[in-house]
>>> print(open('work-v7.txt').read())   # compact mmCIF, N, CA and C atoms
# COMPACT_ATOMS: atom_id res chain seq x y z
N MET A 1329 11.81 -10.83 25.15
CA MET A 1329 10.43 -10.82 24.69
C MET A 1329 9.80 -9.49 25.08
N ALA A 1330 9.17 -8.84 24.14
CA ALA A 1330 8.59 -7.53 24.40
C ALA A 1330 7.39 -7.60 25.34
N ALA A 1331 6.42 -8.48 25.06
CA ALA A 1331 5.22 -8.53 25.89
C ALA A 1331 4.41 -9.79 25.62
N VAL A 1332 3.72 -10.26 26.66
CA VAL A 1332 2.76 -11.35 26.56
C VAL A 1332 1.49 -10.85 27.26
N ASN A 1333 0.36 -10.87 26.54
CA ASN A 1333 -0.88 -10.32 27.07
C ASN A 1333 -2.07 -11.21 26.74
N PRO A 1334 -3.11 -11.19 27.61
CA PRO A 1334 -4.33 -11.95 27.30
C PRO A 1334 -5.13 -11.27 26.20
N TYR A 1335 -5.73 -12.07 25.32
CA TYR A 1335 -6.54 -11.57 24.22
C TYR A 1335 -7.89 -12.29 24.27
N LEU A 1336 -8.96 -11.53 24.51
CA LEU A 1336 -10.30 -12.09 24.67
C LEU A 1336 -11.10 -11.95 23.38
N THR A 1337 -11.91 -12.96 23.07
CA THR A 1337 -12.72 -12.96 21.86
C THR A 1337 -14.19 -13.00 22.24
N PHE A 1338 -14.99 -12.17 21.58
CA PHE A 1338 -16.41 -12.04 21.91
C PHE A 1338 -17.28 -12.28 20.69
N ALA A 1339 -18.54 -12.60 20.97
CA ALA A 1339 -19.53 -12.87 19.92
C ALA A 1339 -20.41 -11.65 19.70
N GLY A 1340 -19.78 -10.49 19.45
CA GLY A 1340 -20.55 -9.29 19.14
C GLY A 1340 -20.70 -8.31 20.29
N ASN A 1341 -20.21 -8.64 21.48
CA ASN A 1341 -20.37 -7.72 22.61
C ASN A 1341 -19.03 -7.30 23.21
N CYS A 1342 -17.99 -7.25 22.39
CA CYS A 1342 -16.66 -6.85 22.85
C CYS A 1342 -16.67 -5.44 23.43
N GLU A 1343 -17.29 -4.50 22.72
CA GLU A 1343 -17.30 -3.11 23.19
C GLU A 1343 -17.98 -3.00 24.55
N GLU A 1344 -19.09 -3.68 24.72
CA GLU A 1344 -19.80 -3.68 26.00
C GLU A 1344 -18.91 -4.24 27.10
N ALA A 1345 -18.26 -5.37 26.83
CA ALA A 1345 -17.40 -6.01 27.82
C ALA A 1345 -16.22 -5.09 28.19
N PHE A 1346 -15.58 -4.49 27.19
CA PHE A 1346 -14.42 -3.64 27.48
C PHE A 1346 -14.82 -2.34 28.16
N ASN A 1347 -16.00 -1.81 27.90
CA ASN A 1347 -16.47 -0.65 28.66
C ASN A 1347 -16.69 -1.04 30.11
N PHE A 1348 -17.17 -2.26 30.33
CA PHE A 1348 -17.32 -2.77 31.70
C PHE A 1348 -15.96 -2.89 32.37
N TYR A 1349 -14.98 -3.51 31.69
CA TYR A 1349 -13.65 -3.67 32.27
C TYR A 1349 -13.03 -2.31 32.57
N LYS A 1350 -13.25 -1.34 31.68
CA LYS A 1350 -12.74 0.01 31.90
C LYS A 1350 -13.37 0.63 33.15
N SER A 1351 -14.66 0.36 33.37
CA SER A 1351 -15.33 0.91 34.55
C SER A 1351 -14.80 0.27 35.84
N VAL A 1352 -14.36 -0.97 35.75
CA VAL A 1352 -13.84 -1.67 36.92
C VAL A 1352 -12.38 -1.29 37.20
N PHE A 1353 -11.54 -1.31 36.15
CA PHE A 1353 -10.10 -1.11 36.32
C PHE A 1353 -9.64 0.32 36.10
N GLY A 1354 -10.47 1.14 35.46
CA GLY A 1354 -10.07 2.51 35.16
C GLY A 1354 -9.21 2.56 33.92
N GLY A 1355 -8.67 3.73 33.64
CA GLY A 1355 -7.81 3.90 32.48
C GLY A 1355 -8.60 4.23 31.23
N GLU A 1356 -7.86 4.32 30.14
CA GLU A 1356 -8.44 4.62 28.83
C GLU A 1356 -7.94 3.60 27.81
N PHE A 1357 -8.72 3.38 26.78
CA PHE A 1357 -8.30 2.47 25.71
C PHE A 1357 -7.08 3.04 25.01
N LEU A 1358 -6.10 2.19 24.77
CA LEU A 1358 -4.95 2.59 23.96
C LEU A 1358 -5.37 2.70 22.50
N THR A 1359 -6.29 1.83 22.11
CA THR A 1359 -6.83 1.83 20.75
C THR A 1359 -8.15 1.09 20.76
N ILE A 1360 -9.01 1.47 19.84
CA ILE A 1360 -10.22 0.70 19.55
C ILE A 1360 -10.49 0.90 18.06
N SER A 1361 -10.51 -0.20 17.34
CA SER A 1361 -10.75 -0.14 15.90
C SER A 1361 -11.86 -1.10 15.52
N ARG A 1362 -12.49 -0.82 14.41
CA ARG A 1362 -13.65 -1.60 13.97
C ARG A 1362 -13.38 -2.30 12.66
N PHE A 1363 -14.17 -3.32 12.38
CA PHE A 1363 -14.02 -4.06 11.13
C PHE A 1363 -14.27 -3.17 9.92
N ALA A 1364 -14.94 -2.05 10.08
CA ALA A 1364 -15.14 -1.10 8.98
C ALA A 1364 -13.81 -0.59 8.45
N GLU A 1365 -12.77 -0.63 9.28
CA GLU A 1365 -11.46 -0.10 8.89
C GLU A 1365 -10.62 -1.08 8.07
N ILE A 1366 -11.11 -2.31 7.91
CA ILE A 1366 -10.39 -3.32 7.14
C ILE A 1366 -10.49 -2.99 5.66
N PRO A 1367 -9.38 -3.06 4.93
CA PRO A 1367 -9.46 -2.87 3.48
C PRO A 1367 -10.42 -3.90 2.86
N ALA A 1368 -11.14 -3.51 1.85
CA ALA A 1368 -12.19 -4.34 1.24
C ALA A 1368 -11.70 -5.73 0.86
N GLU A 1369 -10.46 -5.85 0.37
CA GLU A 1369 -9.97 -7.16 -0.08
C GLU A 1369 -9.78 -8.16 1.07
N TYR A 1370 -9.84 -7.69 2.32
CA TYR A 1370 -9.68 -8.59 3.48
C TYR A 1370 -11.00 -8.91 4.15
N LYS A 1371 -12.10 -8.29 3.72
CA LYS A 1371 -13.39 -8.53 4.36
C LYS A 1371 -13.97 -9.86 3.92
N ASP A 1372 -14.45 -10.62 4.91
CA ASP A 1372 -15.03 -11.93 4.65
C ASP A 1372 -16.53 -11.96 4.88
N SER A 1373 -17.04 -11.09 5.73
CA SER A 1373 -18.45 -11.14 6.09
C SER A 1373 -19.08 -9.75 6.02
N ALA A 1374 -20.28 -9.68 5.53
CA ALA A 1374 -21.00 -8.41 5.45
C ALA A 1374 -21.71 -8.14 6.77
N GLY A 1375 -22.01 -6.89 7.03
CA GLY A 1375 -22.79 -6.51 8.21
C GLY A 1375 -22.01 -6.51 9.51
N GLU A 1376 -20.68 -6.56 9.43
CA GLU A 1376 -19.89 -6.61 10.67
C GLU A 1376 -19.04 -5.36 10.87
N ASP A 1377 -19.29 -4.32 10.09
CA ASP A 1377 -18.45 -3.13 10.13
C ASP A 1377 -18.36 -2.49 11.50
N ASN A 1378 -19.43 -2.52 12.28
CA ASN A 1378 -19.43 -1.84 13.59
C ASN A 1378 -18.84 -2.70 14.71
N LEU A 1379 -18.55 -3.98 14.43
CA LEU A 1379 -17.96 -4.82 15.45
C LEU A 1379 -16.52 -4.40 15.72
N VAL A 1380 -16.02 -4.71 16.91
CA VAL A 1380 -14.66 -4.33 17.31
C VAL A 1380 -13.66 -5.30 16.69
N MET A 1381 -12.72 -4.74 15.93
CA MET A 1381 -11.64 -5.54 15.35
C MET A 1381 -10.50 -5.70 16.36
N HIS A 1382 -10.24 -4.64 17.14
CA HIS A 1382 -9.17 -4.70 18.15
C HIS A 1382 -9.38 -3.58 19.16
N VAL A 1383 -9.22 -3.94 20.43
CA VAL A 1383 -9.26 -2.96 21.51
C VAL A 1383 -8.16 -3.34 22.50
N ALA A 1384 -7.58 -2.33 23.13
CA ALA A 1384 -6.51 -2.56 24.11
C ALA A 1384 -6.73 -1.66 25.31
N LEU A 1385 -6.74 -2.26 26.51
CA LEU A 1385 -6.93 -1.53 27.76
C LEU A 1385 -5.80 -1.88 28.72
N PRO A 1386 -4.96 -0.90 29.07
CA PRO A 1386 -3.88 -1.20 30.01
C PRO A 1386 -4.44 -1.41 31.42
N ILE A 1387 -3.95 -2.47 32.06
CA ILE A 1387 -4.28 -2.77 33.45
C ILE A 1387 -2.95 -3.06 34.13
N GLY A 1388 -2.42 -2.10 34.84
CA GLY A 1388 -1.09 -2.25 35.43
C GLY A 1388 -0.07 -2.38 34.31
N SER A 1389 0.79 -3.39 34.40
CA SER A 1389 1.82 -3.59 33.37
C SER A 1389 1.35 -4.53 32.26
N THR A 1390 0.09 -4.95 32.33
CA THR A 1390 -0.49 -5.84 31.32
C THR A 1390 -1.44 -5.04 30.44
N ILE A 1391 -1.60 -5.48 29.21
CA ILE A 1391 -2.60 -4.87 28.33
C ILE A 1391 -3.63 -5.95 28.02
N LEU A 1392 -4.85 -5.72 28.46
CA LEU A 1392 -5.96 -6.61 28.14
C LEU A 1392 -6.44 -6.23 26.74
N MET A 1393 -6.44 -7.21 25.83
CA MET A 1393 -6.83 -6.95 24.45
C MET A 1393 -8.03 -7.81 24.08
N GLY A 1394 -8.73 -7.41 23.04
CA GLY A 1394 -9.87 -8.20 22.61
C GLY A 1394 -10.42 -7.78 21.27
N SER A 1395 -11.37 -8.58 20.80
CA SER A 1395 -12.07 -8.31 19.55
C SER A 1395 -13.35 -9.13 19.50
N ASP A 1396 -14.22 -8.73 18.57
CA ASP A 1396 -15.35 -9.57 18.24
C ASP A 1396 -14.87 -10.57 17.20
N SER A 1397 -15.51 -11.72 17.15
CA SER A 1397 -15.13 -12.75 16.18
C SER A 1397 -16.02 -12.63 14.94
N PRO A 1398 -15.42 -12.41 13.77
CA PRO A 1398 -16.25 -12.37 12.56
C PRO A 1398 -16.87 -13.75 12.28
N ALA A 1399 -17.98 -13.75 11.58
CA ALA A 1399 -18.73 -14.98 11.33
C ALA A 1399 -17.89 -16.08 10.70
N HIS A 1400 -16.97 -15.74 9.80
CA HIS A 1400 -16.18 -16.77 9.11
C HIS A 1400 -15.22 -17.50 10.05
N MET A 1401 -15.02 -16.98 11.26
CA MET A 1401 -14.14 -17.64 12.24
C MET A 1401 -14.89 -18.69 13.07
N GLY A 1402 -16.20 -18.79 12.89
CA GLY A 1402 -16.99 -19.77 13.62
C GLY A 1402 -17.50 -19.22 14.94
N PRO A 1403 -18.30 -20.01 15.64
CA PRO A 1403 -18.92 -19.53 16.89
C PRO A 1403 -17.89 -19.36 18.00
N VAL A 1404 -18.20 -18.46 18.91
CA VAL A 1404 -17.39 -18.22 20.10
C VAL A 1404 -18.00 -19.01 21.24
N ASN A 1405 -17.21 -19.87 21.86
CA ASN A 1405 -17.65 -20.69 22.98
C ASN A 1405 -16.63 -20.61 24.10
N ALA A 1406 -17.05 -20.92 25.31
CA ALA A 1406 -16.10 -21.01 26.41
C ALA A 1406 -15.02 -22.01 26.01
N GLY A 1407 -13.78 -21.59 26.12
CA GLY A 1407 -12.67 -22.45 25.73
C GLY A 1407 -11.99 -21.97 24.46
N ASN A 1408 -12.74 -21.34 23.55
CA ASN A 1408 -12.10 -20.78 22.35
C ASN A 1408 -12.24 -19.26 22.32
N ASN A 1409 -12.52 -18.68 23.48
CA ASN A 1409 -12.77 -17.24 23.53
C ASN A 1409 -11.60 -16.44 24.10
N PHE A 1410 -10.41 -17.03 24.08
CA PHE A 1410 -9.23 -16.30 24.50
C PHE A 1410 -8.00 -16.83 23.78
N SER A 1411 -7.00 -15.98 23.70
CA SER A 1411 -5.70 -16.34 23.14
C SER A 1411 -4.64 -15.67 23.99
N ILE A 1412 -3.43 -16.08 23.79
CA ILE A 1412 -2.30 -15.38 24.39
C ILE A 1412 -1.63 -14.62 23.26
N ALA A 1413 -1.55 -13.31 23.40
CA ALA A 1413 -0.92 -12.46 22.39
C ALA A 1413 0.53 -12.23 22.78
N ILE A 1414 1.42 -12.51 21.87
CA ILE A 1414 2.84 -12.34 22.14
C ILE A 1414 3.43 -11.38 21.12
N SER A 1415 4.22 -10.45 21.61
CA SER A 1415 4.83 -9.42 20.76
C SER A 1415 6.34 -9.58 20.80
N PRO A 1416 6.92 -10.34 19.87
CA PRO A 1416 8.36 -10.56 19.85
C PRO A 1416 9.12 -9.27 19.53
N ASP A 1417 10.44 -9.32 19.77
CA ASP A 1417 11.30 -8.16 19.54
C ASP A 1417 11.80 -8.03 18.11
N SER A 1418 11.59 -9.06 17.28
CA SER A 1418 12.08 -9.00 15.90
C SER A 1418 11.26 -9.94 15.03
N GLU A 1419 11.37 -9.74 13.72
CA GLU A 1419 10.69 -10.62 12.78
C GLU A 1419 11.26 -12.04 12.87
N ALA A 1420 12.57 -12.14 13.05
CA ALA A 1420 13.20 -13.46 13.19
C ALA A 1420 12.71 -14.17 14.45
N ASP A 1421 12.54 -13.43 15.53
CA ASP A 1421 12.01 -14.01 16.76
C ASP A 1421 10.57 -14.46 16.57
N ALA A 1422 9.79 -13.68 15.82
CA ALA A 1422 8.40 -14.05 15.52
C ALA A 1422 8.38 -15.37 14.75
N ASP A 1423 9.25 -15.51 13.76
CA ASP A 1423 9.34 -16.77 12.99
C ASP A 1423 9.67 -17.94 13.90
N ARG A 1424 10.67 -17.76 14.77
CA ARG A 1424 11.12 -18.83 15.66
C ARG A 1424 9.99 -19.27 16.61
N ILE A 1425 9.35 -18.30 17.22
CA ILE A 1425 8.28 -18.58 18.18
C ILE A 1425 7.10 -19.25 17.48
N PHE A 1426 6.69 -18.70 16.34
CA PHE A 1426 5.54 -19.24 15.61
C PHE A 1426 5.81 -20.69 15.20
N LYS A 1427 6.99 -20.93 14.66
CA LYS A 1427 7.36 -22.29 14.23
C LYS A 1427 7.35 -23.24 15.42
N GLY A 1428 7.87 -22.79 16.54
CA GLY A 1428 7.89 -23.63 17.74
C GLY A 1428 6.49 -23.96 18.23
N LEU A 1429 5.63 -22.96 18.29
CA LEU A 1429 4.25 -23.18 18.75
C LEU A 1429 3.46 -24.04 17.79
N ALA A 1430 3.76 -23.96 16.49
CA ALA A 1430 3.03 -24.71 15.47
C ALA A 1430 3.41 -26.19 15.44
N ALA A 1431 4.55 -26.55 16.02
CA ALA A 1431 5.00 -27.95 16.00
C ALA A 1431 3.96 -28.83 16.70
N GLY A 1432 3.31 -29.69 15.94
CA GLY A 1432 2.29 -30.57 16.49
C GLY A 1432 0.95 -29.90 16.69
N GLY A 1433 0.85 -28.62 16.34
CA GLY A 1433 -0.38 -27.87 16.51
C GLY A 1433 -1.05 -27.59 15.18
N LYS A 1434 -1.86 -26.52 15.14
CA LYS A 1434 -2.61 -26.18 13.93
C LYS A 1434 -2.48 -24.67 13.67
N ILE A 1435 -2.01 -24.35 12.49
CA ILE A 1435 -1.91 -22.94 12.10
C ILE A 1435 -3.29 -22.45 11.69
N THR A 1436 -3.76 -21.41 12.36
CA THR A 1436 -5.06 -20.82 12.06
C THR A 1436 -4.93 -19.74 11.00
N MET A 1437 -3.87 -18.94 11.10
CA MET A 1437 -3.56 -17.89 10.13
C MET A 1437 -2.04 -17.86 9.98
N PRO A 1438 -1.53 -18.16 8.80
CA PRO A 1438 -0.08 -18.18 8.62
C PRO A 1438 0.57 -16.84 8.96
N LEU A 1439 1.77 -16.89 9.46
CA LEU A 1439 2.53 -15.68 9.78
C LEU A 1439 2.84 -14.94 8.48
N ASP A 1440 2.40 -13.68 8.40
CA ASP A 1440 2.58 -12.89 7.18
C ASP A 1440 2.41 -11.42 7.54
N LYS A 1441 2.74 -10.56 6.59
CA LYS A 1441 2.55 -9.13 6.79
C LYS A 1441 1.05 -8.82 6.75
N ALA A 1442 0.60 -8.08 7.75
CA ALA A 1442 -0.82 -7.74 7.89
C ALA A 1442 -1.04 -6.28 7.50
N PHE A 1443 -2.27 -5.95 7.12
CA PHE A 1443 -2.57 -4.61 6.64
C PHE A 1443 -2.38 -3.53 7.70
N TRP A 1444 -2.33 -3.89 8.98
CA TRP A 1444 -2.16 -2.88 10.03
C TRP A 1444 -0.69 -2.60 10.34
N GLY A 1445 0.22 -3.16 9.53
CA GLY A 1445 1.63 -2.85 9.68
C GLY A 1445 2.38 -3.78 10.62
N ALA A 1446 1.90 -5.00 10.72
CA ALA A 1446 2.56 -5.97 11.59
C ALA A 1446 2.83 -7.26 10.82
N TYR A 1447 3.70 -8.05 11.37
CA TYR A 1447 3.99 -9.41 10.92
C TYR A 1447 3.21 -10.28 11.90
N PHE A 1448 2.12 -10.90 11.43
CA PHE A 1448 1.12 -11.48 12.33
C PHE A 1448 0.73 -12.89 11.90
N GLY A 1449 0.48 -13.74 12.88
CA GLY A 1449 -0.04 -15.07 12.62
C GLY A 1449 -0.75 -15.62 13.85
N MET A 1450 -1.59 -16.63 13.61
CA MET A 1450 -2.32 -17.27 14.71
C MET A 1450 -2.13 -18.77 14.62
N VAL A 1451 -1.93 -19.39 15.77
CA VAL A 1451 -1.69 -20.83 15.83
C VAL A 1451 -2.28 -21.39 17.12
N THR A 1452 -2.78 -22.60 17.05
CA THR A 1452 -3.20 -23.32 18.25
C THR A 1452 -2.16 -24.41 18.48
N ASP A 1453 -1.55 -24.39 19.65
CA ASP A 1453 -0.47 -25.35 19.93
C ASP A 1453 -1.03 -26.76 20.16
N LYS A 1454 -0.15 -27.71 20.31
CA LYS A 1454 -0.56 -29.11 20.45
C LYS A 1454 -1.33 -29.39 21.74
N PHE A 1455 -1.38 -28.39 22.64
CA PHE A 1455 -2.13 -28.56 23.88
C PHE A 1455 -3.48 -27.85 23.82
N GLY A 1456 -3.81 -27.27 22.65
CA GLY A 1456 -5.10 -26.61 22.47
C GLY A 1456 -5.12 -25.15 22.88
N ILE A 1457 -3.96 -24.55 23.14
CA ILE A 1457 -3.89 -23.14 23.53
C ILE A 1457 -3.69 -22.29 22.28
N ALA A 1458 -4.52 -21.27 22.13
CA ALA A 1458 -4.45 -20.37 20.97
C ALA A 1458 -3.47 -19.23 21.25
N TRP A 1459 -2.62 -18.97 20.25
CA TRP A 1459 -1.60 -17.92 20.33
C TRP A 1459 -1.74 -16.97 19.16
N MET A 1460 -1.44 -15.69 19.40
CA MET A 1460 -1.34 -14.67 18.36
C MET A 1460 0.07 -14.11 18.44
N VAL A 1461 0.80 -14.18 17.34
CA VAL A 1461 2.16 -13.64 17.29
C VAL A 1461 2.10 -12.36 16.44
N ASN A 1462 2.51 -11.24 17.01
CA ASN A 1462 2.38 -9.95 16.34
C ASN A 1462 3.65 -9.13 16.55
N TYR A 1463 4.46 -9.02 15.50
CA TYR A 1463 5.63 -8.15 15.55
C TYR A 1463 5.30 -6.87 14.78
N ASP A 1464 5.40 -5.74 15.44
CA ASP A 1464 5.07 -4.44 14.86
C ASP A 1464 6.17 -4.01 13.91
N LEU A 1465 5.89 -4.02 12.60
CA LEU A 1465 6.89 -3.66 11.60
C LEU A 1465 7.20 -2.17 11.60
N LYS A 1466 6.33 -1.37 12.19
CA LYS A 1466 6.55 0.08 12.24
C LYS A 1466 7.54 0.46 13.32
N GLY A 1467 7.78 -0.46 14.25
CA GLY A 1467 8.64 -0.16 15.40
C GLY A 1467 10.02 -0.24 15.07
>>> encode(input="work-v7.txt", output="structure tokens")
Amino acid sequence: MAAVNPYLTFAGNCEEAFNFYKSVFGGEFLTISRFAEIPAEYKDSAGEDNLVMHVALPIGSTILMGSDSPAHMGPVNAGNNFSIAISPDSEADADRIFKGLAAGGKITMPLDKAFWGAYFGMVTDKFGIAWMVNYDLKG
């Protein structure tokens, strides 16, 4: 397995939170992207262009990741504001893991090729834990 990292979800204040975490832990963002960068055919909500689509901050051997939640995903509440992001070593491994986690659970976003160059899907397992499976197709 390539990596397992925490993924935090915010209701519009992701950038503020990650600037705070950066001030506490140090380091620099590996990436920070905004919803403005999404191709038009994938946009679901207007007025969210400046929100954070994805940010990554290395903390030791872990990468703390996060995003703001677009309106179409529903409200952000304690309990649904985090996921476990897993980066498998292959597309076949991503399929196997996703299928396993989905057994008895609920698929939030089917595993498919994403516009950012990954094979990506989201699922909540039968125990209520949210997972993001992301295999980088560029790698």
>>> atom_distance(input="work-v7.txt", atom1="CA of Ala1446 in chain A", atom2="CA of Lys1427 in chain A")
17.2 Å
>>> residues_around(input="work-v7.txt", residues="Pro1403 in chain A", least_positions_apart="6", cutoff="8 Å", atoms="all atoms listed in the file", output="PyMOL selection string")
chain A and resi 1338-1339+1397+1409
>>> closest_residue(input="work-v7.txt", among="A:Leu1336, A:Leu1429, A:Leu1379, A:Ala1364", to="Lys1454 in chain A", atoms="all atoms listed in the file")
A:Leu1429
>>> atom_distance(input="work-v7.txt", atom1="atom C of Asp1396 in chain A", atom2="CA of Cys1342 in chain A")
7.0 Å
>>> atom_distance(input="work-v7.txt", atom1="CA of Thr1390 in chain A", atom2="CA of Gly1432 in chain A")
29.0 Å
>>> select_by_dssp(input="work-v7.txt", residues="range 1333-1436 of chain A", states="strand (DSSP E)", output="JSON, numbers by chain")
{"A": [1333, 1334, 1335, 1336, 1337, 1338, 1359, 1360, 1361, 1362, 1380, 1381, 1382, 1383, 1384, 1385, 1386, 1387, 1390, 1391, 1392, 1393, 1394, 1395, 1396, 1410, 1411, 1412, 1413, 1414, 1415, 1434, 1435, 1436]}
>>> residues_around(input="work-v7.txt", residues="His1382 in chain A", least_positions_apart="4", cutoff="6.5 Å", atoms="all atoms listed in the file", output="list in words")
Thr1359, Ile1360, Ser1361, Arg1362, Phe1363, Gly1394, Ser1395 and Asp1396 of chain A
>>> decode(input="work-v7.txt", residues="range 1420-1428 of chain A", atoms="all heavy atoms", output="CSV table (one decimal), in the first residue's frame")
chain,number,residue,atom,x,y,z
A,1420,ALA,N,-5.7,-2.1,-10.2
A,1420,ALA,CA,-6.3,-3.3,-9.8
A,1420,ALA,C,-6.5,-3.3,-8.3
A,1420,ALA,O,-7.5,-3.8,-7.7
A,1420,ALA,CB,-5.5,-4.5,-10.3
A,1421,ASP,N,-5.5,-2.8,-7.6
A,1421,ASP,CA,-5.5,-2.8,-6.1
A,1421,ASP,C,-6.6,-1.8,-5.7
A,1421,ASP,O,-7.3,-2.0,-4.7
A,1421,ASP,CB,-4.2,-2.3,-5.6
A,1421,ASP,CG,-3.8,-3.0,-4.3
A,1421,ASP,OD1,-4.4,-4.0,-3.9
A,1421,ASP,OD2,-2.9,-2.5,-3.6
A,1422,ALA,N,-6.8,-0.7,-6.4
A,1422,ALA,CA,-7.8,0.3,-6.1
A,1422,ALA,C,-9.2,-0.4,-6.2
A,1422,ALA,O,-10.1,-0.2,-5.4
A,1422,ALA,CB,-7.7,1.5,-7.0
A,1423,ASP,N,-9.4,-1.1,-7.3
A,1423,ASP,CA,-10.6,-1.9,-7.5
A,1423,ASP,C,-10.9,-2.8,-6.4
A,1423,ASP,O,-12.0,-2.9,-5.8
A,1423,ASP,CB,-10.6,-2.7,-8.8
A,1423,ASP,CG,-10.8,-1.8,-10.1
A,1423,ASP,OD1,-11.5,-0.8,-10.0
A,1423,ASP,OD2,-10.2,-2.2,-11.1
A,1424,ARG,N,-9.9,-3.6,-6.0
A,1424,ARG,CA,-10.0,-4.6,-4.9
A,1424,ARG,C,-10.4,-3.9,-3.6
A,1424,ARG,O,-11.3,-4.3,-2.9
A,1424,ARG,CB,-8.8,-5.4,-4.8
A,1424,ARG,CG,-8.8,-6.5,-3.7
A,1424,ARG,CD,-7.4,-7.1,-3.4
A,1424,ARG,NE,-6.4,-6.2,-3.0
A,1424,ARG,CZ,-6.3,-5.7,-1.8
A,1424,ARG,NH1,-7.2,-6.0,-0.8
A,1424,ARG,NH2,-5.3,-4.8,-1.4
A,1425,ILE,N,-9.7,-2.9,-3.2
A,1425,ILE,CA,-9.9,-2.2,-2.0
A,1425,ILE,C,-11.3,-1.5,-2.0
A,1425,ILE,O,-12.1,-1.6,-1.0
A,1425,ILE,CB,-8.8,-1.1,-1.7
A,1425,ILE,CG1,-7.5,-1.9,-1.4
A,1425,ILE,CG2,-9.2,-0.2,-0.6
A,1425,ILE,CD1,-6.3,-1.0,-1.5
A,1426,PHE,N,-11.6,-0.8,-3.1
A,1426,PHE,CA,-12.9,-0.1,-3.1
A,1426,PHE,C,-14.1,-1.1,-3.0
A,1426,PHE,O,-15.0,-0.9,-2.3
A,1426,PHE,CB,-13.0,0.6,-4.5
A,1426,PHE,CG,-14.2,1.6,-4.5
A,1426,PHE,CD1,-14.0,2.9,-4.0
A,1426,PHE,CD2,-15.4,1.3,-5.1
A,1426,PHE,CE1,-15.1,3.8,-4.0
A,1426,PHE,CE2,-16.4,2.1,-5.2
A,1426,PHE,CZ,-16.3,3.4,-4.6
A,1427,LYS,N,-14.0,-2.2,-3.7
A,1427,LYS,CA,-15.0,-3.3,-3.7
A,1427,LYS,C,-15.2,-3.8,-2.3
A,1427,LYS,O,-16.3,-4.0,-1.8
A,1427,LYS,CB,-14.7,-4.4,-4.7
A,1427,LYS,CG,-15.7,-5.5,-4.7
A,1427,LYS,CD,-15.4,-6.6,-5.7
A,1427,LYS,CE,-16.4,-7.7,-5.7
A,1427,LYS,NZ,-16.0,-8.8,-6.6
A,1428,GLY,N,-14.0,-4.1,-1.6
A,1428,GLY,CA,-14.1,-4.6,-0.3
A,1428,GLY,C,-14.7,-3.6,0.7
A,1428,GLY,O,-15.5,-4.0,1.5
